[in-house]
>>> print(open('input_13.pdb').read())   # PDB, C-alpha atoms
MODEL        1
ATOM      1  CA  MET A   1      -0.091 -10.182   6.735
ATOM      2  CA  MET A   2       3.519  -9.926   7.914
ATOM      3  CA  SER A   3       2.499  -8.196  11.130
ATOM      4  CA  LEU A   4      -0.094 -10.934  11.663
ATOM      5  CA  VAL A   5       2.601 -13.618  11.299
ATOM      6  CA  ASP A   6       4.814 -11.719  13.759
ATOM      7  CA  THR A   7       1.909 -11.572  16.204
ATOM      8  CA  GLY A   8       1.201 -15.301  15.938
ATOM      9  CA  VAL A   9       4.796 -16.411  16.481
ATOM     10  CA  VAL A  10       5.724 -13.880  19.175
ATOM     11  CA  GLY A  11       2.526 -14.694  21.073
ATOM     12  CA  GLN A  12       3.688 -18.279  21.454
ATOM     13  CA  LYS A  13       6.785 -17.179  23.363
ATOM     14  CA  SER A  14       5.848 -14.298  25.686
ATOM     15  CA  THR A  15       2.739 -12.360  26.689
ATOM     16  CA  SER A  16       4.762  -9.242  27.522
ATOM     17  CA  SER A  17       6.481  -9.357  24.136
ATOM     18  CA  LEU A  18       3.089  -9.753  22.463
ATOM     19  CA  ALA A  19       1.788  -6.750  24.399
ATOM     20  CA  ALA A  20       4.851  -4.697  23.367
ATOM     21  CA  LEU A  21       4.402  -5.805  19.766
ATOM     22  CA  GLY A  22       1.014  -4.047  19.648
ATOM     23  CA  PRO A  23       2.267  -0.455  20.062
ATOM     24  CA  ALA A  24       5.396  -1.263  18.024
ATOM     25  CA  THR A  25       3.499  -2.577  14.986
ATOM     26  CA  SER A  26       0.844   0.103  15.397
ATOM     27  CA  LEU A  27       3.460   2.869  15.283
ATOM     28  CA  CYS A  28       5.424   1.336  12.390
ATOM     29  CA  ASP A  29       2.358   0.389  10.349
ATOM     30  CA  SER A  30       0.697   3.763  10.978
ATOM     31  CA  LEU A  31       3.739   5.666   9.735
ATOM     32  CA  LEU A  32       4.044   3.422   6.671
ATOM     33  CA  TYR A  33       0.315   3.415   5.967
ATOM     34  CA  SER A  34       0.350   7.211   6.077
ATOM     35  CA  PHE A  35       2.337   7.178   2.822
ATOM     36  CA  ILE A  36       0.426   4.440   1.044
ATOM     37  CA  PHE A  37      -1.268   7.247  -0.895
ATOM     38  CA  ILE A  38       1.803   7.137  -3.173
ATOM     39  CA  SER A  39       0.881   3.674  -4.454
ATOM     40  CA  ILE A  40      -2.829   4.538  -4.721
ATOM     41  CA  ALA A  41      -2.016   7.591  -6.830
ATOM     42  CA  THR A  42       0.377   5.486  -8.926
ATOM     43  CA  THR A  43      -2.347   2.955  -9.756
ATOM     44  CA  ASN A  44      -4.773   5.690 -10.849
ATOM     45  CA  LEU A  45      -2.311   7.730 -12.903
ATOM     46  CA  LEU A  46      -0.714   4.665 -14.487
ATOM     47  CA  ALA A  47      -4.019   3.050 -15.469
ATOM     48  CA  LYS A  48      -5.121   6.307 -17.073
ATOM     49  CA  SER A  49      -1.886   6.688 -19.075
ATOM     50  CA  ILE A  50      -2.090   3.061 -20.267
ATOM     51  CA  ALA A  51      -5.720   3.570 -21.312
ATOM     52  CA  GLU A  52      -4.528   6.557 -23.343
ATOM     53  CA  LYS A  53      -1.755   4.394 -24.897
ATOM     54  CA  ASP A  54       0.930   6.771 -23.590
ATOM     55  CA  PHE A  55       3.547   4.186 -22.606
ATOM     56  CA  GLU A  56       6.407   6.646 -22.140
ATOM     57  CA  LYS A  57       4.292   8.599 -19.667
ATOM     58  CA  SER A  58       3.387   5.375 -17.857
ATOM     59  CA  GLN A  59       7.068   4.554 -17.363
ATOM     60  CA  LYS A  60       7.728   8.105 -16.200
ATOM     61  CA  ILE A  61       4.934   7.873 -13.602
ATOM     62  CA  VAL A  62       6.335   4.654 -12.119
ATOM     63  CA  SER A  63       9.911   5.937 -12.224
ATOM     64  CA  GLN A  64       9.098   9.126 -10.341
ATOM     65  CA  ALA A  65       6.765   7.339  -7.910
ATOM     66  CA  LEU A  66       9.583   4.945  -6.967
ATOM     67  CA  THR A  67      11.855   7.900  -6.249
ATOM     68  CA  ILE A  68       9.173   9.562  -4.104
ATOM     69  CA  ALA A  69       8.618   6.271  -2.258
ATOM     70  CA  PHE A  70      12.338   5.863  -1.495
ATOM     71  CA  LEU A  71      12.485   9.486  -0.319
ATOM     72  CA  PHE A  72       9.525   9.288   2.051
ATOM     73  CA  GLY A  73      10.582   5.832   3.235
ATOM     74  CA  SER A  74      14.007   7.155   4.208
ATOM     75  CA  ILE A  75      12.402  10.081   6.046
ATOM     76  CA  VAL A  76      10.129   7.699   7.985
ATOM     77  CA  SER A  77      13.129   5.563   8.964
ATOM     78  CA  LEU A  78      15.110   8.547  10.223
ATOM     79  CA  VAL A  79      12.157   9.986  12.144
ATOM     80  CA  LEU A  80      11.447   6.777  14.032
ATOM     81  CA  ILE A  81      15.116   6.039  14.708
ATOM     82  CA  PHE A  82      15.779   9.464  16.246
ATOM     83  CA  LEU A  83      12.355  10.116  17.787
ATOM     84  CA  GLY A  84      11.521   6.497  18.573
ATOM     85  CA  PRO A  85      11.857   6.546  22.395
ATOM     86  CA  PRO A  86       9.416   9.422  23.120
ATOM     87  CA  LEU A  87       6.970   8.246  20.452
ATOM     88  CA  MET A  88       7.052   4.670  21.717
ATOM     89  CA  LEU A  89       6.635   5.822  25.315
ATOM     90  CA  LEU A  90       3.479   7.612  24.208
ATOM     91  CA  ALA A  91       2.286   4.572  22.222
ATOM     92  CA  THR A  92       2.705   2.240  25.211
ATOM     93  CA  GLY A  93       0.840   4.566  27.546
ATOM     94  CA  GLY A  94       4.023   5.485  29.432
ATOM     95  CA  SER A  95       4.866   1.882  30.299
ATOM     96  CA  ALA A  96       8.513   1.576  31.369
ATOM     97  CA  GLN A  97       8.233  -2.204  30.983
ATOM     98  CA  LEU A  98       6.908  -2.326  27.427
ATOM     99  CA  THR A  99       8.726   0.619  25.835
ATOM    100  CA  PRO A 100      12.225  -1.006  25.665
ATOM    101  CA  LEU A 101      10.710  -4.211  24.250
ATOM    102  CA  ALA A 102       8.728  -2.299  21.638
ATOM    103  CA  LEU A 103      11.824  -0.349  20.572
ATOM    104  CA  GLN A 104      13.653  -3.617  19.940
ATOM    105  CA  TYR A 105      11.116  -4.308  17.208
ATOM    106  CA  SER A 106      10.560  -0.831  15.748
ATOM    107  CA  ASN A 107      14.250   0.145  15.460
ATOM    108  CA  ILE A 108      14.870  -2.807  13.137
ATOM    109  CA  ARG A 109      11.523  -3.036  11.367
ATOM    110  CA  ILE A 110      11.505   0.618  10.317
ATOM    111  CA  LEU A 111      14.788   0.170   8.409
ATOM    112  CA  GLY A 112      12.710  -1.590   5.772
ATOM    113  CA  ALA A 113      10.454   1.457   5.249
ATOM    114  CA  PRO A 114      12.032   2.500   1.896
ATOM    115  CA  ALA A 115      11.725  -1.076   0.634
ATOM    116  CA  PHE A 116       8.114  -1.319   1.816
ATOM    117  CA  LEU A 117       6.973   1.903   0.114
ATOM    118  CA  ALA A 118       8.936   1.184  -3.079
ATOM    119  CA  GLY A 119       7.468  -2.321  -3.132
ATOM    120  CA  SER A 120       3.950  -0.930  -2.731
ATOM    121  CA  VAL A 121       4.553   1.379  -5.712
ATOM    122  CA  ALA A 122       5.857  -1.526  -7.794
ATOM    123  CA  GLN A 123       2.813  -3.572  -6.806
ATOM    124  CA  ALA A 124       0.571  -0.662  -7.786
ATOM    125  CA  ALA A 125       2.352  -0.559 -11.150
ATOM    126  CA  CYS A 126       1.573  -4.238 -11.685
ATOM    127  CA  LEU A 127      -2.077  -3.720 -10.761
ATOM    128  CA  GLY A 128      -2.319  -0.610 -12.917
ATOM    129  CA  SER A 129      -1.012  -2.758 -15.795
ATOM    130  CA  LYS A 130      -3.772  -5.295 -14.960
ATOM    131  CA  ASP A 131      -1.343  -7.906 -13.674
ATOM    132  CA  SER A 132      -2.650  -9.163 -10.335
ATOM    133  CA  PHE A 133      -1.098 -12.623 -10.533
ATOM    134  CA  THR A 134       2.517 -11.485 -10.101
ATOM    135  CA  PRO A 135       1.815  -9.558  -6.854
ATOM    136  CA  LEU A 136       0.018 -12.658  -5.567
ATOM    137  CA  LEU A 137       3.088 -14.814  -6.169
ATOM    138  CA  VAL A 138       5.355 -12.185  -4.593
ATOM    139  CA  VAL A 139       3.135 -11.942  -1.506
ATOM    140  CA  LEU A 140       3.228 -15.721  -1.128
ATOM    141  CA  ALA A 141       7.028 -15.788  -1.492
ATOM    142  CA  SER A 142       7.664 -12.910   0.921
ATOM    143  CA  GLY A 143       5.078 -14.271   3.357
ATOM    144  CA  ALA A 144       6.796 -17.667   3.298
ATOM    145  CA  LEU A 145      10.163 -16.014   4.012
ATOM    146  CA  ASN A 146       8.636 -14.026   6.864
ATOM    147  CA  ALA A 147       7.010 -17.107   8.374
ATOM    148  CA  PHE A 148      10.230 -19.130   8.119
ATOM    149  CA  GLY A 149      12.288 -16.239   9.514
ATOM    150  CA  ASP A 150       9.904 -15.805  12.450
ATOM    151  CA  PHE A 151       9.926 -19.522  13.208
ATOM    152  CA  TYR A 152      13.727 -19.778  12.993
ATOM    153  CA  LEU A 153      14.737 -16.512  14.695
ATOM    154  CA  VAL A 154      11.962 -16.209  17.276
ATOM    155  CA  TYR A 155      10.864 -19.751  18.005
ATOM    156  CA  LEU A 156      14.136 -21.680  17.577
ATOM    157  CA  LYS A 157      16.866 -19.086  18.218
ATOM    158  CA  ASP A 158      14.858 -17.113  20.781
ATOM    159  CA  PHE A 159      15.761 -13.701  19.308
ATOM    160  CA  GLY A 160      12.424 -12.357  20.485
ATOM    161  CA  LEU A 161      11.083  -9.169  18.970
ATOM    162  CA  ARG A 162      14.384  -8.476  17.224
ATOM    163  CA  GLY A 163      14.046 -11.736  15.309
ATOM    164  CA  ALA A 164      10.489 -10.900  14.244
ATOM    165  CA  ALA A 165      11.593  -7.466  13.039
ATOM    166  CA  ILE A 166      14.526  -8.896  11.061
ATOM    167  CA  ALA A 167      12.288 -11.460   9.369
ATOM    168  CA  THR A 168       9.725  -8.811   8.410
ATOM    169  CA  MET A 169      12.343  -6.376   7.116
ATOM    170  CA  LEU A 170      14.016  -9.034   4.946
ATOM    171  CA  SER A 171      10.681 -10.144   3.513
ATOM    172  CA  GLU A 172       9.879  -6.527   2.589
ATOM    173  CA  VAL A 173      13.214  -6.210   0.775
ATOM    174  CA  LEU A 174      12.577  -9.468  -1.097
ATOM    175  CA  SER A 175       9.092  -8.282  -2.060
ATOM    176  CA  MET A 176      10.462  -4.987  -3.387
ATOM    177  CA  VAL A 177      13.144  -6.673  -5.511
ATOM    178  CA  LEU A 178      10.737  -9.198  -7.052
ATOM    179  CA  LEU A 179       8.068  -6.596  -7.788
ATOM    180  CA  ILE A 180      10.483  -4.134  -9.399
ATOM    181  CA  LYS A 181      11.807  -6.943 -11.598
ATOM    182  CA  ALA A 182       8.213  -7.714 -12.570
ATOM    183  CA  VAL A 183       7.599  -4.045 -13.451
ATOM    184  CA  VAL A 184      10.684  -3.993 -15.682
ATOM    185  CA  ARG A 185       9.408  -7.126 -17.449
ATOM    186  CA  ILE A 186       5.878  -5.764 -17.889
ATOM    187  CA  GLN A 187       6.978  -2.383 -19.231
ATOM    188  CA  GLY A 188       9.292  -3.916 -21.831
ATOM    189  CA  LYS A 189      11.592  -1.594 -23.765
ATOM    190  CA  ARG A 190      12.746   1.297 -21.603
ATOM    191  CA  LEU A 191      11.528   4.681 -22.810
ATOM    192  CA  HIS A 192      12.309   6.317 -19.453
ATOM    193  CA  PRO A 193      14.877   5.516 -16.702
ATOM    194  CA  LEU A 194      13.668   3.093 -14.037
ATOM    195  CA  ILE A 195      14.483   5.603 -11.277
ATOM    196  CA  SER A 196      14.326   9.328 -11.958
ATOM    197  CA  ILE A 197      14.019  12.464  -9.840
ATOM    198  CA  PRO A 198      10.762  14.285 -10.646
ATOM    199  CA  SER A 199      10.868  17.939 -11.528
ATOM    200  CA  ARG A 200       9.233  20.429  -9.188
ATOM    201  CA  GLU A 201       6.232  20.645 -11.502
ATOM    202  CA  ASP A 202       5.866  16.844 -11.792
ATOM    203  CA  PHE A 203       6.200  16.427  -8.023
ATOM    204  CA  LEU A 204       3.548  19.062  -7.319
ATOM    205  CA  ASN A 205       1.193  17.524  -9.894
ATOM    206  CA  PHE A 206       1.629  14.108  -8.302
ATOM    207  CA  MET A 207       1.066  15.440  -4.796
ATOM    208  CA  ARG A 208      -1.902  17.538  -5.950
ATOM    209  CA  PHE A 209      -3.596  14.366  -7.140
ATOM    210  CA  ALA A 210      -2.537  12.355  -4.078
ATOM    211  CA  GLY A 211      -3.369  15.068  -1.526
ATOM    212  CA  PRO A 212      -7.040  14.174  -0.911
ATOM    213  CA  ILE A 213      -6.100  10.490  -0.587
ATOM    214  CA  PHE A 214      -3.467  11.454   1.984
ATOM    215  CA  ILE A 215      -6.051  13.275   4.107
ATOM    216  CA  VAL A 216      -8.437  10.297   4.052
ATOM    217  CA  ILE A 217      -5.652   7.915   5.087
ATOM    218  CA  GLN A 218      -4.518  10.205   7.893
ATOM    219  CA  CYS A 219      -8.026  10.175   9.351
ATOM    220  CA  LYS A 220      -7.896   6.367   9.444
ATOM    221  CA  VAL A 221      -4.425   6.368  10.995
ATOM    222  CA  VAL A 222      -5.523   8.742  13.758
ATOM    223  CA  LEU A 223      -8.532   6.546  14.535
ATOM    224  CA  TYR A 224      -6.557   3.293  14.742
ATOM    225  CA  SER A 225      -3.740   4.923  16.715
ATOM    226  CA  PHE A 226      -6.234   6.367  19.191
ATOM    227  CA  MET A 227      -7.680   2.884  19.749
ATOM    228  CA  THR A 228      -4.236   1.503  20.634
ATOM    229  CA  LEU A 229      -3.426   4.472  22.879
ATOM    230  CA  LEU A 230      -6.729   4.022  24.690
ATOM    231  CA  VAL A 231      -5.999   0.351  25.429
ATOM    232  CA  ALA A 232      -2.357   1.069  26.342
ATOM    233  CA  SER A 233      -3.419   3.756  28.810
ATOM    234  CA  ARG A 234      -5.035   1.063  30.979
ATOM    235  CA  LYS A 235      -1.528  -0.392  31.571
ATOM    236  CA  ASP A 236      -2.952  -3.914  31.370
ATOM    237  CA  VAL A 237      -0.543  -6.234  29.549
ATOM    238  CA  VAL A 238      -3.173  -8.897  28.816
ATOM    239  CA  SER A 239      -5.663  -6.366  27.379
ATOM    240  CA  LEU A 240      -2.982  -4.846  25.157
ATOM    241  CA  ALA A 241      -1.907  -8.300  23.955
ATOM    242  CA  ALA A 242      -5.526  -9.157  23.081
ATOM    243  CA  HIS A 243      -5.924  -5.817  21.298
ATOM    244  CA  THR A 244      -2.809  -6.604  19.244
ATOM    245  CA  CYS A 245      -4.291  -9.916  18.062
ATOM    246  CA  MET A 246      -7.688  -8.451  17.175
ATOM    247  CA  LEU A 247      -6.211  -5.452  15.357
ATOM    248  CA  ARG A 248      -4.024  -7.687  13.181
ATOM    249  CA  ILE A 249      -7.060  -9.826  12.284
ATOM    250  CA  PHE A 250      -9.081  -6.706  11.484
ATOM    251  CA  PHE A 251      -6.407  -5.384   9.110
ATOM    252  CA  LEU A 252      -6.182  -8.784   7.408
ATOM    253  CA  MET A 253      -9.947  -8.788   6.764
ATOM    254  CA  ALA A 254      -9.852  -5.173   5.547
ATOM    255  CA  THR A 255      -7.608  -6.148   2.633
ATOM    256  CA  PHE A 256     -10.514  -7.912   0.910
ATOM    257  CA  GLY A 257     -12.326  -4.598   0.463
ATOM    258  CA  ASP A 258      -9.094  -2.876  -0.579
ATOM    259  CA  SER A 259      -8.593  -5.403  -3.371
ATOM    260  CA  MET A 260     -11.945  -4.441  -4.893
ATOM    261  CA  GLY A 261     -10.972  -0.780  -4.774
ATOM    262  CA  GLN A 262      -7.643  -1.467  -6.487
ATOM    263  CA  ALA A 263      -9.385  -3.499  -9.191
ATOM    264  CA  ALA A 264     -11.767  -0.605  -9.839
ATOM    265  CA  GLN A 265      -8.853   1.846 -10.085
ATOM    266  CA  ALA A 266      -7.104  -0.402 -12.618
ATOM    267  CA  PHE A 267     -10.051  -1.138 -14.907
ATOM    268  CA  LEU A 268     -12.309   1.942 -14.814
ATOM    269  CA  PRO A 269     -10.011   4.223 -16.907
ATOM    270  CA  ASP A 270     -10.577   1.926 -19.892
ATOM    271  CA  PHE A 271     -14.316   2.590 -19.638
ATOM    272  CA  LEU A 272     -14.040   6.290 -18.878
ATOM    273  CA  THR A 273     -11.411   7.246 -21.459
ATOM    274  CA  PHE A 274     -12.577   8.089 -24.973
ATOM    275  CA  ASP A 275     -10.048   8.776 -27.690
ATOM    276  CA  ARG A 276     -10.786  11.393 -30.299
ATOM    277  CA  LYS A 277     -11.588   8.855 -32.992
ATOM    278  CA  LYS A 278     -14.403   7.355 -30.937
ATOM    279  CA  ILE A 279     -15.816  10.786 -30.177
ATOM    280  CA  LYS A 280     -15.715  11.755 -33.854
ATOM    281  CA  THR A 281     -17.385   8.481 -34.781
ATOM    282  CA  LEU A 282     -20.204   9.116 -32.309
ATOM    283  CA  LYS A 283     -20.696  12.647 -33.619
ATOM    284  CA  LYS A 284     -21.031  11.380 -37.194
ATOM    285  CA  LEU A 285     -23.783   8.922 -36.280
ATOM    286  CA  PRO A 286     -27.439   9.894 -36.679
ATOM    287  CA  LYS A 287     -28.842  11.597 -33.598
ATOM    288  CA  SER A 288     -31.155   8.734 -32.682
ATOM    289  CA  GLU A 289     -28.420   6.094 -33.020
ATOM    290  CA  ASN A 290     -25.965   8.298 -31.152
ATOM    291  CA  GLN A 291     -28.356   8.671 -28.234
ATOM    292  CA  THR A 292     -28.965   4.922 -28.173
ATOM    293  CA  LEU A 293     -25.240   4.193 -27.915
ATOM    294  CA  LEU A 294     -24.797   6.759 -25.156
ATOM    295  CA  ARG A 295     -27.672   5.268 -23.187
ATOM    296  CA  LYS A 296     -26.118   1.790 -23.539
ATOM    297  CA  PHE A 297     -22.754   3.109 -22.386
ATOM    298  CA  LYS A 298     -24.287   4.858 -19.371
ATOM    299  CA  LEU A 299     -26.176   1.674 -18.461
ATOM    300  CA  LEU A 300     -23.012  -0.427 -18.779
ATOM    301  CA  SER A 301     -21.025   2.024 -16.641
ATOM    302  CA  TYR A 302     -23.776   2.057 -14.026
ATOM    303  CA  LYS A 303     -23.851  -1.754 -13.855
ATOM    304  CA  ILE A 304     -20.064  -1.968 -13.516
ATOM    305  CA  MET A 305     -19.961   0.638 -10.739
ATOM    306  CA  ARG A 306     -22.875  -1.008  -8.928
ATOM    307  CA  ARG A 307     -21.182  -4.412  -9.131
ATOM    308  CA  LEU A 308     -17.843  -3.074  -7.868
ATOM    309  CA  ILE A 309     -19.422  -1.095  -5.027
ATOM    310  CA  GLY A 310     -21.551  -4.060  -4.050
ATOM    311  CA  MET A 311     -18.502  -6.364  -3.946
ATOM    312  CA  SER A 312     -16.529  -3.833  -1.889
ATOM    313  CA  VAL A 313     -19.283  -3.563   0.708
TER     314      VAL A 313
ENDMDL
END
>>> encode(input="input_13.pdb", output="C-alpha cells")
Amino acid sequence: MMSLVDTGVVGQKSTSSLAALGPATSLCDSLLYSFIFISIATTNLLAKSIAEKDFEKSQKIVSQALTIAFLFGSIVSLVLIFLGPPLMLLATGGSAQLTPLALQYSNIRILGAPAFLAGSVAQAACLGSKDSFTPLLVVLASGALNAFGDFYLVYLKDFGLRGAAIATMLSEVLSMVLLIKAVVRIQGKRLHPLISIPSREDFLNFMRFAGPIFIVIQCKVVLYSFMTLLVASRKDVVSLAAHTCMLRIFFLMATFGDSMGQAAQAFLPDFLTFDRKKIKTLKKLPKSENQTLLRKFKLLSYKIMRRLIGMSV
C-alpha cells in the first residue's frame, strides 16, 4: 500500500520520476519480499504453540523471529547501499537517465528494511494470536502517515523521490513500534525476553521450516523482477511509468488472497491439534461411536478447508 501511495503522489509531479520509481520500488520490494518467509513461518509456528497451550514457547518463537528479522533486514540494507548502483543500472535497463533518480529513492527507503521485516514478524505474531484488528489499525495509522508525508514532502516541498522514500521509511518505523507494543500487550507476563538470539539449533529448526516457503517466494520475486526488466529494456519512459502503476495495483489486489492464507494459518492449528486427553477419550469410546466422531471431524475439516480455499481463489 505504501508503494502505491508513493506511486500516486510522485506520478502527479513528474513522469520521469514515476518511471524511475518503478525499478526502485521493484528492487526494494523484491529484496524485502524475499524475506517475508520469516513472518509466514512465525504465524505457523506461533499458532501451533498457542494451540498446544505452550505460552513460553510462543514468546520464544516471536523473540527469536524478531532477532532474525532485524539481522536479515540489516543485511538487505547493507547490500543495497553498497551494491545499489550496479543493481539499479540493471533494473532500469541500463538507463543513465533513470538510474540516479531511482537511487535517490532506494538509498533512503532501504534503511527501513530492519523495521519493515521486524514489523512483519510482529504483525504475524498478532495474527497468530488471532488478533487481526490491531494490525488493521496500525496499517491505517502508518498509511495515513505515509500519505501525509508524501503530500508534504513531495507535493508541497518538492523533495521528489527522496521525500517519498523518507515518508515510507518513517511509516515503516511507526508500524514496527506500534505492532511490537501490541505483541507485548497480547503476550502478557514475560516468560521469555522480547528480543533474544536463537541458538544454532533453534535457528536451523526455524530455517528448516521456512526453507520451502523461501523457495516459493523466490520464484515469485524472479517472475515479477523479470517483468520489470523486460519493460525497462525497451528504454521507454512512458511504458515503464505505466508498468509501475499497474504493478502497484496488482500487488494491492493480491493482498486479498494473502489475507485468506494468513487466516487459515492462524486458525487451522486449533482444528488439527489434538491433546492427549482428547485422544484418550476417543479411544475409550465404543468403536461405533468413535468412528462416528471421526467421520464428523473429517467432514468438518473438509468443509473448513473447502471454504478457505474457495475464498482464497
>>> resolve_selection(input="input_13.pdb", expression="the PyMOL selection byres ((chain A and resi 159) around 12)", output="number ranges by chain")
A: 9-10, 13-14, 17, 101, 104-105, 149-158, 160-167
>>> closest_atom_pairs(input="input_13.pdb", of="region 30-78 of chain A", to="region 198-210 of chain A", cutoff="10 Å", atoms="all atoms listed in the file", output="Markdown table")
| residue | atom | partner | partner_atom | distance |
| --- | --- | --- | --- | --- |
| A:Phe35 | CA | A:Ala210 | CA | 9.9 |
| A:Ile36 | CA | A:Ala210 | CA | 9.9 |
| A:Phe37 | CA | A:Ala210 | CA | 6.2 |
| A:Ile38 | CA | A:Ala210 | CA | 6.8 |
| A:Ser39 | CA | A:Ala210 | CA | 9.3 |
| A:Ile40 | CA | A:Ala210 | CA | 7.8 |
| A:Ala41 | CA | A:Ala210 | CA | 5.5 |
| A:Thr42 | CA | A:Phe206 | CA | 8.7 |
| A:Asn44 | CA | A:Phe209 | CA | 9.5 |
| A:Leu45 | CA | A:Phe206 | CA | 8.8 |
| A:Lys60 | CA | A:Pro198 | CA | 8.8 |
| A:Ile61 | CA | A:Phe206 | CA | 8.8 |
| A:Ser63 | CA | A:Pro198 | CA | 8.5 |
| A:Gln64 | CA | A:Pro198 | CA | 5.4 |
| A:Ala65 | CA | A:Pro198 | CA | 8.5 |
| A:Thr67 | CA | A:Pro198 | CA | 7.8 |
| A:Ile68 | CA | A:Pro198 | CA | 8.2 |
>>> atom_distance(input="input_13.pdb", atom1="CA of Met253 (chain A)", atom2="CA of Ser30 (chain A)")
17.0 Å
>>> residues_around(input="input_13.pdb", residues="Leu46 (chain A)", least_positions_apart="4", cutoff="12 Å", atoms="all atoms listed in the file", output="number ranges by chain")
A: 38-42, 50-65, 121-130, 187, 206, 265-270
>>> residues_around(input="input_13.pdb", residues="Ile75 (chain A)", least_positions_apart="4", cutoff="12 Å", atoms="all atoms listed in the file", output="CSV table (one decimal) with C-alpha atoms, keeping the file's coordinate frame")
chain,number,residue,atom,x,y,z
A,31,LEU,CA,3.7,5.7,9.7
A,32,LEU,CA,4.0,3.4,6.7
A,35,PHE,CA,2.3,7.2,2.8
A,68,ILE,CA,9.2,9.6,-4.1
A,69,ALA,CA,8.6,6.3,-2.3
A,70,PHE,CA,12.3,5.9,-1.5
A,71,LEU,CA,12.5,9.5,-0.3
A,79,VAL,CA,12.2,10.0,12.1
A,80,LEU,CA,11.4,6.8,14.0
A,81,ILE,CA,15.1,6.0,14.7
A,82,PHE,CA,15.8,9.5,16.2
A,83,LEU,CA,12.4,10.1,17.8
A,110,ILE,CA,11.5,0.6,10.3
A,111,LEU,CA,14.8,0.2,8.4
A,112,GLY,CA,12.7,-1.6,5.8
A,113,ALA,CA,10.5,1.5,5.2
A,114,PRO,CA,12.0,2.5,1.9
A,117,LEU,CA,7.0,1.9,0.1
